[in-house]
Structure formats: structure tokens, C-alpha cells
Amino acid sequence: MTALVRRAVMKLSLQFQTPSSLSLSPSSLSISKTPTPPSLFSFRHPLSHSTHASKTTTSPPPSFEFQLFIPPGIEPDEVNDSTVLPGSNIAVGPYAGDSHIKDVQFVKSSARARDCPKDNRPEFAVLGRSNVGKSSLINSLVRKKEIALTSKKPGKTQLINHFLVNKSWYLVDLPGYGFAKAPEAAKTDWSSFTKGYFLNKSTLVAVLLLIDASVPPQKIDLDCANWLGRNNIPITFVFTKCDKMKVAKGKRPDENIRDFQELIRQNYKQHPPWIMTSSATGMGRDELLLHMSQLRNYWDQ
Ligand SMILES: Nc1nc2c(ncn2[C@@H]2O[C@H](COP(=O)(O)OP(=O)(O)OP(=O)(O)O)[C@@H](O)[C@H]2O)c(=O)[nH]1
Ligand SMILES: [Mg+2]
């Protein structure tokens, strides 16, 4: 761990305001220090679950188990609270670098995967249910109000939109899935879309899979995470709308996040990286950018 990286994490820790009612912070949970290289998330195939469990087999304790994402370049025993990004399970390693966004340009909208830019720059795909906050997250990351168009109505983004950041890497805003009421013309054919986009993307560094933390776990999100896992596509879970604490009924974001992670643990042997964000307050923005810089720099070498 270099002094530079340690300083960056400490600076972020100071900037980060955890809402007082949120208890999901690395220091408040038991940490299992198992290294997880970014491109090799171990996925447990659902069919590989043992069907021969003896009667004496006990199920794992119901407590939420917190597994760190330890990037290449550091050893598990080098990780401590000051090197884990606040509101996440992500340790920062030597590949983390300058995460400052100096320049962003909208490049193009593509209807099909084969129309996307072909210049081999690394890209992060922003994926999630309609209305989860994909376009808002992109605006928040690049600090431009409406470079990606947002709307209260689900189904706003209908094309694959490429944004070039610092003239070197792409953020990709994708149409949302799971919006059953979309007009026929606005529906994305997800079966051909996923095959076309995700399975032929050698430049894909990671999928940022956005999960709405203000609602309970949704089957369609779990299905999506499992599909990406089965296809060895690296993901980072980005929990959105973590500012929405005033829910009249239902659970708080941190409780929904725990429930979601319990379900993910059934299929992932190693928990993928995850981070709490809010585009409304900026929570998690700098942390997510630092995490993306380490994935990108590792991918780039
Ligand atoms: N409170 C709160 N609202 C948010 C947040 N992120 C997004 N929203 C709101 O959620 C709605 C949908 O946001 P979008 O960014 O358009 O969502 P999207 O995932 O791009 O939606 P589609 O393009 O339809 O798939 C908008 O009204 C946003 O203002 C957040 O972090 N907190
Ligand atoms: Mg959108």
C-alpha cells in the first residue's frame, strides 16, 4: 500500500458523511479478509449446490457476513479500516490512481451493440432496472447536471449512450430492464441486447450494477447479477438512493442492502465489490471513482 493511496483513502474518509442512522460501515461488521481479484469473481453455479446434504449439516449462521473486495497488489493482512472505502467492502490497493474527472464528452447513441464505438478504450457499463438512477449516477460522477437525461418516468434511456471521460475511458448509460409497462416501441429486447453487448465486449472493465436501496431485493436484479456471474462478467454493486431514509413503511436502505447481500451470497462464493451511493447527496461518488480507477489501471496494464 503506497503512502499516496493511503492518503487518498484517508482524505475520502474525512469527506464522507455517513448518515447517523446507517450502520453499514466496514468497522461495524465482521470482516472476512479473502482476496478477490477483480476479473475473477468466483461464482457458484446454482446447480452446483449440494443436493446431498446430510441431516447433520447445519446452514450458515444467519448473520450478515461481510467480505472484503481486495484488489490485486495488496495482501489481506495489509488491509485495515483506513484502507477500506467508507460505505463499501472495497479495499484500495496500489492500482488506485488519479480519479479526478477533468473532461467528459457525449460521443454517440447506438441502437445496437455493433454500432458502439470501436476504439478499444476501456469502458464501464451502467446497468440496472428502469428508474434505479443510472443516468443520475453518471451525471453525479461527471458533475454535469443533465449530460445523461433523467426522468421520474421509467424508460427514459432507450439507447446505448457512450460518454468519453478524460479522453481515455467510457461510461456507458444503458436502457433499464424490468419496465413492463413501456410502450412496445420503447421496450429493449434484452435477450438479444445482452448477448450483443455484454458477451462480445473485450473492452468492458466492469458492469456497475445499480440496485435501488430504498426497496426490498427484487428478483429481476438477482437474476441479472446471477446471469452476469455465470458469464464471468465482473460486476460492482452500486446501491442507489441511499439518501431515502424516510420510508413510511418498509425497511431502511441499510436493511435492504443486507437482505440483498444475503441472497447474493447464495450464488457468489466471493462477494463482489459493493458501494453505497446517492446521486442526490453525492454519497459514495468519490469512493466509487477511486474504485473505478484501480479497476481501470489494472485492466490497462
Ligand atoms: N432520492 C434520490 N432520487 C434519485 C437518486 N438517483 C436517481 N433518483 C431519481 O430517480 C428517478 C430516475 O432516475 P434516472 O437517473 O432517470 O433513472 P434511470 O435508471 O436512468 O432510468 P431509465 O433511463 O428509465 O432506465 C429520477 O426522478 C431521479 O431524480 C438518488 O440517489 N436519490
Ligand atoms: Mg436513464
# chains A, B, ... in the order shown; residues from 1 in each chain; ligands from 1
call {"tool": "closest_atom_pairs", "arguments": {"of": "chain A", "to": "ligand 2", "cutoff": "9 Å", "atoms": "only C-alpha atoms and all ligand atoms", "output": "tab-separated table"}}
result
residue	atom	partner	partner_atom_place_in_ligand_line	distance
A:Ser130	CA	ligand 2	1 (Mg)	7.1
A:Asn131	CA	ligand 2	1 (Mg)	6.9
A:Val132	CA	ligand 2	1 (Mg)	8.3
A:Gly133	CA	ligand 2	1 (Mg)	6.8
A:Lys134	CA	ligand 2	1 (Mg)	5.3
A:Ser135	CA	ligand 2	1 (Mg)	4.2
A:Ser136	CA	ligand 2	1 (Mg)	7.3
A:Ala148	CA	ligand 2	1 (Mg)	7.0
A:Leu149	CA	ligand 2	1 (Mg)	6.3
A:Thr150	CA	ligand 2	1 (Mg)	5.4
A:Ser151	CA	ligand 2	1 (Mg)	7.3
A:Pro154	CA	ligand 2	1 (Mg)	8.0
A:Gly155	CA	ligand 2	1 (Mg)	7.0
A:Lys156	CA	ligand 2	1 (Mg)	5.3
A:Thr157	CA	ligand 2	1 (Mg)	4.1
A:Gln158	CA	ligand 2	1 (Mg)	7.7
A:Asp173	CA	ligand 2	1 (Mg)	6.8
A:Leu174	CA	ligand 2	1 (Mg)	6.9
A:Pro175	CA	ligand 2	1 (Mg)	6.3
A:Gly176	CA	ligand 2	1 (Mg)	6.8
call {"tool": "write_last_selection", "arguments": {"atoms": "C-alpha atoms", "output": "CSV table (one decimal), in the first residue's frame"}}
result
chain,number,residue,atom,x,y,z
A,130,SER,CA,-35.6,1.3,-15.2
A,131,ASN,CA,-35.7,4.3,-12.8
A,132,VAL,CA,-32.9,2.9,-10.5
A,133,GLY,CA,-30.9,6.0,-11.1
A,134,LYS,CA,-28.4,5.1,-13.9
A,135,SER,CA,-28.4,8.4,-15.7
A,136,SER,CA,-28.4,10.3,-12.4
A,148,ALA,CA,-27.3,11.9,-19.3
A,149,LEU,CA,-31.1,12.6,-19.5
A,150,THR,CA,-33.1,11.6,-16.4
A,151,SER,CA,-36.8,11.3,-15.7
A,154,PRO,CA,-39.2,4.8,-16.1
A,155,GLY,CA,-37.9,4.0,-19.6
A,156,LYS,CA,-36.2,7.4,-20.3
A,157,THR,CA,-32.9,5.9,-21.7
A,158,GLN,CA,-33.6,3.8,-24.7
A,173,ASP,CA,-25.5,4.6,-20.0
A,174,LEU,CA,-27.8,1.6,-20.8
A,175,PRO,CA,-31.6,1.3,-21.2
A,176,GLY,CA,-33.1,-0.1,-18.0
call {"tool": "select_by_dssp", "arguments": {"residues": "stretch 48-152 of chain A", "states": "strand (DSSP E)", "output": "PyMOL selection string"}}
result
chain A and resi 66-67+104-110+123-128
call {"tool": "select_by_dssp", "arguments": {"residues": "stretch 61-186 of chain A", "states": "helix (DSSP H, G or I)", "output": "list of chain:residue names"}}
result
A:Pro76, A:Asp77, A:Glu78, A:Asp81, A:Ser82, A:Thr83, A:Ala113, A:Arg114, A:Asp115, A:Lys134, A:Ser135, A:Ser136, A:Leu137, A:Ile138, A:Asn139, A:Ser140, A:Leu141, A:Val142, A:Glu184, A:Ala185, A:Ala186
call {"tool": "closest_residue", "arguments": {"among": "A:Gln270, A:Gln105, A:Gln261, A:Ser99", "to": "A:Leu171", "atoms": "only C-alpha atoms"}}
result
A:Gln105
call {"tool": "residues_around", "arguments": {"residues": "stretch 115-119 of chain A", "least_positions_apart": "6", "cutoff": "8 Å", "atoms": "only C-alpha atoms", "output": "MDAnalysis selection string"}}
result
chainID A and resid 108:109 160 162
call {"tool": "write_last_selection", "arguments": {"atoms": "all heavy atoms", "output": "PDB file, in the first residue's frame"}}
result
ATOM      1  N   LYS A 108     -21.780   9.137 -28.616  1.00  0.00           N
ATOM      2  CA  LYS A 108     -22.855   8.720 -29.527  1.00  0.00           C
ATOM      3  C   LYS A 108     -23.890   7.855 -28.829  1.00  0.00           C
ATOM      4  O   LYS A 108     -23.628   7.280 -27.770  1.00  0.00           O
ATOM      5  CB  LYS A 108     -22.290   8.008 -30.756  1.00  0.00           C
ATOM      6  CG  LYS A 108     -21.754   6.610 -30.506  1.00  0.00           C
ATOM      7  CD  LYS A 108     -21.269   5.936 -31.794  1.00  0.00           C
ATOM      8  CE  LYS A 108     -22.411   5.577 -32.749  1.00  0.00           C
ATOM      9  NZ  LYS A 108     -22.044   4.522 -33.715  1.00  0.00           N
ATOM     10  N   SER A 109     -25.069   7.796 -29.431  1.00  0.00           N
ATOM     11  CA  SER A 109     -26.121   6.862 -29.015  1.00  0.00           C
ATOM     12  C   SER A 109     -26.179   5.742 -30.040  1.00  0.00           C
ATOM     13  O   SER A 109     -26.195   6.016 -31.248  1.00  0.00           O
ATOM     14  CB  SER A 109     -27.488   7.557 -29.000  1.00  0.00           C
ATOM     15  OG  SER A 109     -27.543   8.517 -27.991  1.00  0.00           O
ATOM     16  N   ILE A 160     -27.963   2.892 -26.229  1.00  0.00           N
ATOM     17  CA  ILE A 160     -26.677   2.737 -25.539  1.00  0.00           C
ATOM     18  C   ILE A 160     -25.917   4.051 -25.732  1.00  0.00           C
ATOM     19  O   ILE A 160     -25.582   4.426 -26.856  1.00  0.00           O
ATOM     20  CB  ILE A 160     -25.860   1.579 -26.163  1.00  0.00           C
ATOM     21  CG1 ILE A 160     -26.693   0.290 -26.216  1.00  0.00           C
ATOM     22  CG2 ILE A 160     -24.557   1.364 -25.407  1.00  0.00           C
ATOM     23  CD1 ILE A 160     -26.061  -0.822 -27.062  1.00  0.00           C
ATOM     24  N   HIS A 162     -22.685   6.424 -25.085  1.00  0.00           N
ATOM     25  CA  HIS A 162     -21.278   6.422 -24.681  1.00  0.00           C
ATOM     26  C   HIS A 162     -20.817   7.830 -24.308  1.00  0.00           C
ATOM     27  O   HIS A 162     -20.963   8.768 -25.102  1.00  0.00           O
ATOM     28  CB  HIS A 162     -20.397   5.897 -25.821  1.00  0.00           C
ATOM     29  CG  HIS A 162     -20.299   4.408 -25.845  1.00  0.00           C
ATOM     30  ND1 HIS A 162     -21.323   3.604 -26.251  1.00  0.00           N
ATOM     31  CD2 HIS A 162     -19.269   3.573 -25.467  1.00  0.00           C
ATOM     32  CE1 HIS A 162     -20.947   2.337 -26.142  1.00  0.00           C
ATOM     33  NE2 HIS A 162     -19.719   2.293 -25.672  1.00  0.00           N
TER      34      HIS A 162
END
call {"tool": "atom_distance", "arguments": {"atom1": "atom CA of A:Val172", "atom2": "atom CA of A:Asn232"}}
result
19.1 Å
call {"tool": "atom_distance", "arguments": {"atom1": "atom CA of A:Val84", "atom2": "atom CA of A:Ile70"}}
result
9.1 Å
call {"tool": "closest_residue", "arguments": {"among": "A:Ser192, A:Asn226, A:Thr83, A:Lys144", "to": "A:Pro272", "atoms": "only C-alpha atoms"}}
result
A:Asn226
call {"tool": "residues_around", "arguments": {"residues": "A:Ala113", "least_positions_apart": "5", "cutoff": "10 Å", "atoms": "only C-alpha atoms", "output": "ChimeraX atom specification"}}
result
/A:159-160,192-198,200-201
call {"tool": "closest_residue", "arguments": {"among": "A:Leu295, A:Leu289, A:Ile138, A:Ile235", "to": "A:Tyr268", "atoms": "only C-alpha atoms"}}
result
A:Ile235
call {"tool": "decode", "arguments": {"residues": "stretch 237-263 of chain A", "atoms": "C-alpha atoms", "output": "compact mmCIF listing (two decimals), in the first residue's frame"}}
result
# COMPACT_ATOMS: atom_id res chain seq x y z
CA PHE A 237 -22.93 -3.48 -6.98
CA VAL A 238 -23.75 0.21 -6.70
CA PHE A 239 -26.59 0.75 -4.25
CA THR A 240 -28.51 3.88 -5.23
CA LYS A 241 -30.93 6.21 -3.41
CA CYS A 242 -29.23 5.58 -0.05
CA ASP A 243 -30.43 9.04 1.00
CA LYS A 244 -34.04 7.84 1.08
CA MET A 245 -34.23 7.28 4.80
CA LYS A 246 -37.76 8.50 5.38
CA VAL A 247 -39.64 5.45 4.26
CA ALA A 248 -43.13 5.43 5.79
CA LYS A 249 -43.26 1.65 5.78
CA GLY A 250 -40.75 -0.95 4.75
CA LYS A 251 -37.09 -1.23 5.60
CA ARG A 252 -34.30 1.31 5.60
CA PRO A 253 -31.66 1.25 2.83
CA ASP A 254 -29.04 -0.44 5.02
CA GLU A 255 -31.53 -3.21 5.87
CA ASN A 256 -32.49 -3.70 2.22
CA ILE A 257 -28.78 -3.87 1.32
CA ARG A 258 -28.16 -6.57 3.92
CA ASP A 259 -31.13 -8.58 2.64
CA PHE A 260 -29.86 -8.27 -0.92
CA GLN A 261 -26.37 -9.39 0.05
CA GLU A 262 -27.68 -12.39 1.95
CA LEU A 263 -29.34 -13.52 -1.29
